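*Asks:* Sharing upload.txt, compact mmCIF, C-alpha atoms:
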# COMPACT_ATOMS: atom_id res chain seq x y z
CA MET A 1 -13.08 15.83 15.61
CA ILE A 2 -10.19 16.33 13.22
CA ASN A 3 -10.41 19.66 11.42
CA ASP A 4 -9.78 20.06 7.72
CA PHE A 5 -6.05 20.76 7.67
CA ARG A 6 -2.83 19.00 6.72
CA ARG A 7 -2.82 16.14 9.23
CA SER A 8 0.28 14.59 10.78
CA TYR A 9 0.64 10.80 10.74
CA ALA A 10 2.47 8.34 13.00
CA ILE A 11 3.27 4.89 11.61
CA ILE A 12 3.48 2.21 14.31
CA GLY A 13 4.96 -0.83 12.61
CA ALA A 14 6.88 0.24 9.50
CA GLY A 15 6.91 -3.10 7.72
CA ALA A 16 5.44 -4.08 4.35
CA ILE A 17 2.13 -2.32 5.06
CA GLY A 18 3.03 0.57 7.35
CA ALA A 19 6.16 1.66 5.49
CA PHE A 20 4.38 1.52 2.14
CA TYR A 21 1.36 3.63 3.08
CA GLY A 22 3.47 5.94 5.26
CA ALA A 23 5.88 6.52 2.38
CA CYS A 24 2.99 7.33 0.04
CA LEU A 25 1.68 9.89 2.53
CA GLN A 26 5.11 11.50 2.99
CA ARG A 27 5.65 11.68 -0.77
CA ALA A 28 2.33 13.56 -0.99
CA GLY A 29 3.62 16.16 1.45
CA PHE A 30 2.20 14.97 4.77
CA ASP A 31 4.18 15.11 8.01
CA VAL A 32 4.86 11.42 8.72
CA HIS A 33 6.72 9.89 11.68
CA PHE A 34 7.87 6.25 11.63
CA LEU A 35 8.39 4.11 14.74
CA LEU A 36 10.91 1.38 13.88
CA ASN A 37 12.67 -1.44 15.64
CA ARG A 38 15.30 -3.54 13.81
CA ASP A 39 15.40 -1.25 10.77
CA PHE A 40 15.93 1.99 12.71
CA ASP A 41 19.64 2.53 12.02
CA HIS A 42 19.36 1.62 8.33
CA VAL A 43 16.32 3.82 7.70
CA CYS A 44 17.92 6.74 9.55
CA GLN A 45 20.90 6.53 7.20
CA HIS A 46 19.25 5.52 3.93
CA GLY A 47 15.54 6.28 4.18
CA LEU A 48 12.89 4.16 2.43
CA ILE A 49 12.75 2.54 -1.01
CA ILE A 50 9.40 1.57 -2.53
CA GLU A 51 9.12 -0.62 -5.63
CA SER A 52 5.65 -0.52 -7.15
CA PRO A 53 3.91 -1.09 -10.50
CA ASP A 54 2.51 2.41 -9.95
CA GLY A 55 6.06 3.78 -10.01
CA ASP A 56 9.18 3.20 -7.92
CA PHE A 57 10.29 5.96 -5.57
CA ALA A 58 12.72 6.60 -2.73
CA LEU A 59 12.57 8.81 0.35
CA PRO A 60 16.21 9.50 1.26
CA SER A 61 15.17 11.14 4.51
CA VAL A 62 12.35 10.17 6.84
CA LYS A 63 11.48 11.04 10.42
CA ALA A 64 12.43 7.77 12.14
CA TYR A 65 12.32 6.89 15.82
CA ASN A 66 13.07 3.83 17.92
CA GLU A 67 11.30 5.13 21.04
CA ALA A 68 7.68 6.27 21.12
CA SER A 69 8.58 8.82 23.79
CA GLN A 70 10.70 10.68 21.21
CA MET A 71 7.83 11.08 18.73
CA PRO A 72 5.57 14.13 18.57
CA PRO A 73 1.83 13.53 19.15
CA CYS A 74 0.11 13.10 15.79
CA ASP A 75 -3.39 13.60 14.41
CA VAL A 76 -3.65 10.09 12.97
CA VAL A 77 -1.78 7.09 14.38
CA ILE A 78 -1.65 4.17 11.95
CA VAL A 79 -1.21 0.83 13.70
CA ALA A 80 0.40 -1.58 11.23
CA LEU A 81 2.19 -3.87 13.68
CA LYS A 82 1.66 -7.59 13.55
CA THR A 83 -1.12 -8.27 16.03
CA THR A 84 1.28 -10.45 18.02
CA SER A 85 2.91 -7.18 19.15
CA ASN A 86 -0.30 -5.44 20.22
CA HIS A 87 0.65 -5.89 23.88
CA LEU A 88 3.03 -2.94 23.30
CA LEU A 89 0.24 -0.53 22.35
CA PRO A 90 -0.87 0.53 25.86
CA GLN A 91 2.59 2.07 26.31
CA ILE A 92 2.90 3.48 22.77
CA LEU A 93 -0.46 4.99 21.86
CA PRO A 94 -0.90 7.50 24.72
CA GLN A 95 2.49 9.00 23.84
CA VAL A 96 1.95 9.46 20.11
CA LEU A 97 -1.76 10.33 19.80
CA LYS A 98 -2.99 13.91 20.01
CA ASP A 99 -5.87 14.67 22.38
CA ASN A 100 -8.24 15.04 19.42
CA GLY A 101 -6.51 12.42 17.28
CA VAL A 102 -7.65 9.07 15.94
CA VAL A 103 -6.08 5.61 15.69
CA LEU A 104 -6.40 3.89 12.30
CA VAL A 105 -5.92 0.12 12.58
CA LEU A 106 -4.38 -1.44 9.45
CA GLN A 107 -4.10 -5.02 10.70
CA ASN A 108 -5.44 -8.38 9.62
CA GLY A 109 -7.92 -10.20 11.77
CA TRP A 110 -10.82 -9.41 14.05
CA GLY A 111 -11.30 -7.62 17.37
CA MET A 112 -8.25 -5.34 17.37
CA GLU A 113 -10.29 -2.12 17.37
CA GLU A 114 -12.11 -3.25 20.49
CA GLU A 115 -8.80 -3.82 22.28
CA ILE A 116 -7.38 -0.46 21.15
CA ALA A 117 -10.58 1.33 22.18
CA GLU A 118 -9.85 0.23 25.76
CA ILE A 119 -6.61 2.24 25.53
CA VAL A 120 -7.70 5.44 23.76
CA GLY A 121 -11.51 5.42 23.91
CA SER A 122 -14.09 3.96 21.53
CA ASP A 123 -14.73 7.29 19.78
CA ARG A 124 -11.08 7.56 18.66
CA VAL A 125 -10.67 4.35 16.66
CA MET A 126 -11.11 3.51 12.98
CA GLY A 127 -10.48 0.31 11.07
CA GLY A 128 -8.78 -0.04 7.72
CA VAL A 129 -9.02 -3.28 5.75
CA CYS A 130 -6.13 -3.53 3.28
CA PHE A 131 -6.39 -5.34 -0.04
CA THR A 132 -2.80 -5.25 -1.23
CA LEU A 133 0.19 -7.47 -2.04
CA ASN A 134 3.31 -6.11 -0.35
CA TYR A 135 6.64 -7.65 0.64
CA LYS A 136 9.49 -6.39 2.73
CA LEU A 137 12.63 -7.13 0.72
CA GLY A 138 15.05 -5.80 3.33
CA ALA A 139 15.54 -2.99 5.82
CA GLY A 140 13.60 0.01 4.56
CA HIS A 141 12.93 -1.70 1.21
CA ILE A 142 9.32 -2.54 0.31
CA ARG A 143 7.97 -4.14 -2.86
CA HIS A 144 4.34 -3.41 -3.70
CA LEU A 145 3.22 -6.07 -6.18
CA ASP A 146 -0.44 -5.28 -6.82
CA TYR A 147 -3.66 -3.69 -5.59
CA GLY A 148 -3.50 -1.24 -2.65
CA LEU A 149 -7.14 -0.53 -1.78
CA ILE A 150 -8.04 0.30 1.84
CA THR A 151 -11.62 -0.08 3.04
CA LEU A 152 -12.11 2.50 5.80
CA ALA A 153 -14.76 2.33 8.53
CA ASP A 154 -15.39 3.86 11.95
CA TYR A 155 -15.37 1.72 15.07
CA VAL A 156 -18.37 1.90 17.41
CA THR A 157 -18.66 -0.10 20.63
CA GLY A 158 -19.90 -3.59 19.83
CA TYR A 159 -19.00 -3.15 16.15
CA ARG A 160 -22.37 -1.58 15.39
CA ALA A 161 -22.76 -0.05 11.94
CA ALA A 162 -21.63 3.59 12.18
CA GLY A 163 -22.23 5.16 8.79
CA VAL A 164 -19.74 7.45 7.07
CA SER A 165 -18.31 10.19 9.29
CA ILE A 166 -16.68 13.49 8.38
CA ARG A 167 -13.32 12.31 9.72
CA MET A 168 -13.50 9.22 7.50
CA SER A 169 -13.97 11.43 4.45
CA GLN A 170 -11.12 13.71 5.54
CA ILE A 171 -8.63 10.89 6.06
CA ALA A 172 -9.79 9.23 2.85
CA ALA A 173 -9.01 12.47 1.04
CA ASP A 174 -5.47 12.39 2.46
CA PHE A 175 -4.90 8.87 1.18
CA ALA A 176 -6.40 9.74 -2.18
CA LEU A 177 -3.97 12.66 -2.45
CA ALA A 178 -1.21 10.12 -1.72
CA GLY A 179 -2.38 7.96 -4.63
CA VAL A 180 -4.02 5.28 -2.44
CA MET A 181 -7.45 3.94 -3.38
CA ILE A 182 -9.95 4.29 -0.52
CA GLN A 183 -13.41 2.77 -0.11
CA LEU A 184 -15.65 4.12 2.68
CA HIS A 185 -17.73 1.50 4.48
CA GLU A 186 -20.62 2.04 6.89
CA ASP A 187 -20.09 -1.19 8.83
CA LEU A 188 -16.66 -2.20 10.16
CA PHE A 189 -17.99 -5.60 11.30
CA LEU A 190 -19.02 -6.50 7.75
CA ALA A 191 -15.86 -5.06 6.20
CA ARG A 192 -13.62 -7.14 8.45
CA TRP A 193 -15.58 -10.37 7.94
CA GLN A 194 -15.51 -9.84 4.20
CA LYS A 195 -11.70 -9.77 4.49
CA LEU A 196 -11.73 -12.89 6.68
CA ILE A 197 -13.39 -14.68 3.75
CA CYS A 198 -9.93 -14.93 2.16
CA ASN A 199 -7.68 -14.28 5.15
CA ILE A 200 -8.71 -17.37 7.08
CA PRO A 201 -8.52 -20.10 4.41
CA VAL A 202 -5.65 -18.75 2.32
CA ASN A 203 -3.32 -17.69 5.15
CA GLY A 204 -4.03 -20.77 7.24
CA LEU A 205 -3.79 -23.40 4.53
CA SER A 206 -0.63 -21.83 3.07
CA VAL A 207 1.18 -22.69 6.32
CA VAL A 208 -0.36 -26.10 6.90
CA LEU A 209 0.16 -27.16 3.28
CA ASN A 210 3.48 -25.33 2.80
CA SER A 211 2.11 -23.81 -0.41
CA THR A 212 1.82 -20.60 -2.37
CA ASN A 213 -1.44 -18.96 -3.38
CA GLN A 214 -1.41 -20.32 -6.93
CA GLU A 215 -0.51 -23.85 -5.85
CA MET A 216 -3.56 -23.94 -3.60
CA PHE A 217 -6.06 -22.51 -6.08
CA ASP A 218 -4.75 -24.74 -8.89
CA ASP A 219 -5.51 -27.85 -6.85
CA ALA A 220 -9.17 -28.92 -6.99
CA HIS A 221 -9.12 -30.55 -3.54
CA VAL A 222 -7.58 -27.54 -1.82
CA ARG A 223 -9.88 -25.17 -3.65
CA THR A 224 -12.85 -27.13 -2.32
CA SER A 225 -11.44 -26.81 1.21
CA ILE A 226 -11.05 -23.06 0.70
CA GLU A 227 -14.67 -22.73 -0.40
CA GLN A 228 -15.91 -24.80 2.56
CA LEU A 229 -13.96 -22.61 5.01
CA MET A 230 -15.42 -19.52 3.35
CA GLN A 231 -18.95 -20.84 3.80
CA GLU A 232 -18.41 -21.25 7.55
CA ILE A 233 -17.39 -17.59 7.74
CA VAL A 234 -20.50 -16.55 5.79
CA ILE A 235 -22.71 -18.49 8.23
CA ALA A 236 -21.05 -16.94 11.27
CA ALA A 237 -21.42 -13.41 9.89
CA LYS A 238 -25.09 -14.07 9.16
CA ALA A 239 -25.67 -14.91 12.82
CA TYR A 240 -24.83 -11.25 13.53
CA GLY A 241 -27.10 -9.93 10.80
CA ARG A 242 -24.32 -9.41 8.27
CA TYR A 243 -25.02 -10.99 4.90
CA ILE A 244 -22.18 -11.87 2.54
CA PRO A 245 -23.75 -12.86 -0.79
CA GLU A 246 -22.56 -15.88 -2.72
CA LEU A 247 -21.72 -13.55 -5.58
CA PHE A 248 -19.25 -11.74 -3.29
CA VAL A 249 -17.65 -15.05 -2.25
CA GLN A 250 -17.27 -16.22 -5.84
CA LYS A 251 -15.77 -12.84 -6.81
CA ARG A 252 -13.17 -13.19 -4.03
CA ILE A 253 -12.33 -16.72 -5.18
CA LYS A 254 -11.92 -15.54 -8.78
CA GLN A 255 -9.76 -12.58 -7.72
CA SER A 256 -7.56 -14.72 -5.47
CA ALA A 257 -7.10 -17.40 -8.10
CA ALA A 258 -6.08 -14.78 -10.65
CA MET A 259 -3.50 -13.06 -8.43
CA LYS A 260 0.18 -13.23 -9.15
CA ASP A 261 1.64 -16.19 -7.33
CA TYR A 262 2.79 -15.18 -3.86
CA GLU A 263 3.43 -16.43 -0.35
CA THR A 264 0.94 -15.18 2.21
CA SER A 265 2.04 -12.94 5.07
CA MET A 266 1.45 -15.79 7.52
CA LYS A 267 3.56 -18.17 5.43
CA ILE A 268 6.38 -15.59 5.35
CA ASP A 269 6.13 -15.20 9.14
CA PHE A 270 6.30 -18.97 9.52
CA ASN A 271 9.29 -19.28 7.17
CA GLN A 272 11.16 -16.67 9.18
CA GLY A 273 10.29 -18.17 12.54
CA ARG A 274 8.07 -15.35 13.74
CA SER A 275 5.04 -15.90 15.92
CA LEU A 276 1.89 -16.37 13.84
CA GLU A 277 -1.19 -14.14 14.07
CA VAL A 278 -3.32 -17.12 15.03
CA GLU A 279 -5.53 -15.45 17.63
CA ALA A 280 -6.40 -12.31 15.66
CA ILE A 281 -7.17 -14.08 12.37
CA PHE A 282 -8.59 -17.39 13.66
CA GLY A 283 -9.16 -17.44 17.43
CA ASN A 284 -11.10 -14.18 17.73
CA PRO A 285 -13.52 -14.95 14.86
CA LEU A 286 -14.05 -18.46 16.24
CA ARG A 287 -14.95 -17.16 19.69
CA THR A 288 -17.24 -14.55 18.16
CA ALA A 289 -19.05 -17.27 16.20
CA TRP A 290 -19.36 -19.48 19.30
CA GLN A 291 -20.94 -16.57 21.21
CA ALA A 292 -23.71 -16.58 18.58
CA GLY A 293 -24.10 -20.35 18.86
CA VAL A 294 -22.38 -21.03 15.52
CA GLN A 295 -19.87 -23.84 15.23
CA MET A 296 -17.11 -23.55 12.63
CA PRO A 297 -15.61 -27.06 12.61
CA GLN A 298 -13.20 -26.62 9.71
CA VAL A 299 -12.01 -23.21 10.87
CA SER A 300 -11.61 -24.70 14.35
CA MET A 301 -9.46 -27.54 13.01
CA LEU A 302 -7.29 -25.08 11.06
CA TYR A 303 -6.95 -22.91 14.17
CA ARG A 304 -5.73 -25.82 16.28
CA GLN A 305 -3.31 -26.96 13.60
CA LEU A 306 -1.84 -23.46 13.45
CA LYS A 307 -1.56 -23.31 17.23
CA PHE A 308 0.56 -26.47 16.96
CA PHE A 309 2.76 -24.96 14.24
CA ASP A 310 3.14 -21.74 16.21
CA ALA A 311 4.16 -23.60 19.36
CA HIS A 312 6.50 -26.16 17.78
CA TYR A 313 8.01 -24.48 14.71
CA CYS A 314 8.36 -20.79 15.63
CA LEU A 315 10.41 -18.64 17.99
CA SER A 316 13.09 -21.11 19.00
CA GLU A 317 16.26 -22.69 17.65
CA GLU A 318 14.62 -26.10 17.92
CA GLY A 319 11.66 -24.77 15.93
CA SER A 320 14.05 -23.45 13.27
CA GLN A 321 15.55 -26.92 12.91
CA ARG A 322 12.08 -28.46 12.64
CA ARG A 323 11.13 -25.98 9.88
CA HIS A 324 14.33 -26.81 8.00
CA ARG A 325 13.60 -30.55 8.22
CA ARG A 326 10.03 -29.96 7.08
CA PHE A 327 11.06 -27.98 4.01
CA THR A 328 13.88 -30.33 3.00
CA ALA A 329 12.28 -33.70 3.80
CA VAL A 330 11.78 -35.96 0.80
Now, as a test, write the supplied structure out as structure tokens.
*Replies:*
Amino acid sequence: MINDFRRSYAIIGAGAIGAFYGACLQRAGFDVHFLLNRDFDHVCQHGLIIESPDGDFALPSVKAYNEASQMPPCDVVIVALKTTSNHLLPQILPQVLKDNGVVLVLQNGWGMEEEIAEIVGSDRVMGGVCFTLNYKLGAGHIRHLDYGLITLADYVTGYRAAGVSIRMSQIAADFALAGVMIQLHEDLFLARWQKLICNIPVNGLSVVLNSTNQEMFDDAHVRTSIEQLMQEIVIAAKAYGRYIPELFVQKRIKQSAAMKDYETSMKIDFNQGRSLEVEAIFGNPLRTAWQAGVQMPQVSMLYRQLKFFDAHYCLSEEGSQRRHRRFTAV
């Protein structure tokens, strides 16, 4: 149990999500430690810059590290890596997590908490579902465009509903002090599948169709495809006793259609030749649905298309040339 005191935070993955929330916590007076890779030298020299409609700010000095072994153990370890780097966590987490600490997973997708519980124990994991529009403009430079809400829930083995714990309320209070909106949720399974409602169709189709959010929602045919994908997710969640009302689905569609035009995180990863989070966002939910006897044919097709893109367009010079030809072809 985490006592009621000024908690220390470790940020594992200081990109658009991790750097933003970590910077907010540091600005509020919390002891925050950032594990960085490519941006380490720049951030050590120049700190972090956050652009936000809630107010721009800069942190000229942050506690930055490029080796987990150099970091002090912290009360709360925020995992904000891309899930494609989660294979690094068995080496990182034991070094940076206090004996009575907790890991807060701020990643897109499904099943990450279960994997992390195998490293640190199932009673030391929480999930955070982020509803925010953030971009990384450059090394140590983050632009927050809109929203910022985190839905916080405890992980219990098998993703059983866990209620609201004291530690959830304590960590929520820290984020609230940092100016971050927090919603406490009793059921991490439901919270994550509610996020998949948009994550799966919008992220996936943005890559396959080479389109922005607004382009997709403005097109009647694509919008129909989005709604059909959403309905498959609703059916799969229902097989596990989680009900996502039609009113919730329509609200998400309306919110997404009204957002400022943007490129999804998966589209940005694709554009920059990074490996796509196909398994966490598509493969894991598909396999979970299949275990309940639910087929998701359209999600399955999107998953296999993205596996093709990931294999043939990312992570190689040849893939870079293919992406260039795809974007410039007439």
*Asks:* Please report, as a tab-separated table, each residue of segment 85-110 of chain A lying at most 10 Å from segment 60-74 of chain A, together with the nearest pair of atoms and the separation in Å rounded to one decimal; use all atoms listed in the file, and order rows by chain and ascending residue number.
*Replies:*
residue	atom	partner	partner_atom	distance
A:Gln91	CA	A:Ala68	CA	8.4
A:Ile92	CA	A:Ala68	CA	5.8
A:Leu93	CA	A:Ala68	CA	8.3
A:Pro94	CA	A:Pro73	CA	8.7
A:Gln95	CA	A:Ser69	CA	6.1
A:Val96	CA	A:Pro73	CA	4.2
A:Leu97	CA	A:Pro73	CA	4.9
A:Lys98	CA	A:Pro73	CA	4.9
A:Asp99	CA	A:Pro73	CA	8.4
A:Asn100	CA	A:Cys74	CA	9.3
A:Gly101	CA	A:Cys74	CA	6.8
A:Val102	CA	A:Cys74	CA	8.7
A:Val103	CA	A:Cys74	CA	9.7
*Asks:* Hey, can you check how far atom CA of Asn284 of chain A sits from atom CA of Ser300 of chain A?
*Replies:* 11.1 Å
*Asks:* Find the residues around Glu186 of chain A up to 7 Å (only C-alpha atoms counted), leave out those fewer than 2 positions away in its own chain, and share them as a count of residues only.
*Replies:* 7
*Asks:* Determine, counting only C-alpha atoms, which protein, DNA and RNA residues have an atom within 9 Å of an atom of Val207 of chain A; residues of the same chain fewer than 5 positions away are not included. Present the result as a list of chain:residue names.
*Replies:*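 Residues meeting the cut-off are A:Val202, A:Thr212, A:Thr264, A:Met266, A:Lys267, A:Ile268, A:Phe270, A:Asn271, A:Leu306, A:Phe309.
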*Asks:* If we count only C-alpha atoms, what is near segment 257-259 of chain A at a cut-off of 9 Å, once residues fewer than 5 positions away on the same chain are taken out, given as a count of residues only?
*Replies:* 7
*Asks:* Could you work out how far atom CA of Ser256 of chain A lies from atom CA of Ser169 of chain A, giving the answer in Å with one decimal?
*Replies:*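 Computing the Euclidean distance for atom CA of Ser169 of chain A and atom CA of Ser256 of chain A yields 28.7 Å.
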*Asks:* From the list A:Gly179, A:Pro285, A:Gly111, A:Gly128, which residue is nearest Val299 of chain A when using only C-alpha atoms?
*Replies:*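 Ranking A:Gly179, A:Pro285, A:Gly111, A:Gly128 by distance to Val299 of chain A, first place goes to A:Pro285.
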*Asks:* Please measure the separation of atom CA of Asn210 of chain A and atom CA of Thr224 of chain A, giving the value in Å to one decimal.
*Replies:* 17.2 Å
*Asks:* Check the smallest atom-to-atom distance from each of A:His144, A:Lys254, A:His185, A:Arg167 to Ala23 of chain A using all atoms listed in the file, then report the winner.
*Replies:* A:His144
*Asks:* Let me make sure I understand: among A:Ser8, A:Ser122, A:Gln45, A:Gln255, which one has the smallest atom-to-atom distance to Val32 of chain A if we use all atoms listed in the file?
*Replies:*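 Looking only at the distances to Val32 of chain A, the closest residue turns out to be A:Ser8.
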*Asks:* Find the nearest atom pair between each residue of segment 135-192 of chain A and segment 241-247 of chain A for residues within 10 Å, count only C-alpha atoms, give distances in Å to one decimal, sort rows by chain and ascending number, and present the table as JSON lines.
*Replies:*
{"residue": "A:Asp187", "atom": "CA", "partner": "A:Arg242", "partner_atom": "CA", "distance": 9.3}
{"residue": "A:Phe189", "atom": "CA", "partner": "A:Arg242", "partner_atom": "CA", "distance": 8.0}
{"residue": "A:Leu190", "atom": "CA", "partner": "A:Arg242", "partner_atom": "CA", "distance": 6.1}
{"residue": "A:Ala191", "atom": "CA", "partner": "A:Arg242", "partner_atom": "CA", "distance": 9.7}
*Asks:* Would you mind listing, for every residue of segment 67-142 of chain A within 9 Å of segment 12-17 of chain A, the two atoms forming the shortest contact and the distance between them in Å to one decimal, using only C-alpha atoms, sorted by chain and ascending residue number, as a tab-separated table?
*Replies:*
residue	atom	partner	partner_atom	distance
A:Ala68	CA	A:Ile12	CA	9.0
A:Val77	CA	A:Ile12	CA	7.2
A:Ile78	CA	A:Ile12	CA	6.0
A:Val79	CA	A:Ile12	CA	4.9
A:Ala80	CA	A:Gly13	CA	4.8
A:Leu81	CA	A:Gly13	CA	4.2
A:Lys82	CA	A:Gly13	CA	7.6
A:Ile92	CA	A:Ile12	CA	8.6
A:Leu93	CA	A:Ile12	CA	9.0
A:Leu106	CA	A:Ile17	CA	7.9
A:Gln107	CA	A:Ile17	CA	8.8
A:Cys130	CA	A:Ile17	CA	8.5
A:Thr132	CA	A:Ile17	CA	8.5
A:Leu133	CA	A:Ala16	CA	8.9
A:Asn134	CA	A:Ala16	CA	5.5
A:Tyr135	CA	A:Ala16	CA	5.3
A:Lys136	CA	A:Ala16	CA	4.9
A:Leu137	CA	A:Ala16	CA	8.6
A:Ala139	CA	A:Gly15	CA	8.8
A:Gly140	CA	A:Gly15	CA	8.0
A:His141	CA	A:Ala16	CA	8.5
A:Ile142	CA	A:Ala16	CA	5.8
*Asks:* Which one is closest to Asp54 of chain A: A:Met126, A:Val180, A:Val105, A:Met168? Count only C-alpha atoms.
*Replies:* A:Val180
*Asks:* Which residue out of A:Met296, A:Ile166, A:Ile200, A:Ile11 has the minimum interatomic distance to Trp110 of chain A when all atoms listed in the file are used?
*Replies:*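 For Trp110 of chain A, the nearest of the candidates is A:Ile200.
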*Asks:* Restricting the calculation to all atoms listed in the file, which member of A:Val208, A:Val43, A:Val222, A:Val294 is positioned closest to Ala239 of chain A?
*Replies:*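 The answer is A:Val294, which sits nearest to Ala239 of chain A.
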*Asks:* Assuming 5 Å of padding per side, give the centre and edge lengths of the axis-aligned box around every listed atom of segment 224-233 of chain A, in Å to one decimal and as lines of an AutoDock Vina configuration file.
*Replies:*
center_x = -15.0
center_y = -22.4
center_z = 2.7
size_x = 17.9
size_y = 19.5
size_z = 20.1
*Asks:* Need to verify the contact set: Ser275 of chain A, 7 Å, all atoms listed in the file, exclusion of same-chain residues closer than 3 positions in sequence. Can you return it as number ranges by chain?
*Replies:* A: 84, 269, 310, 314-315
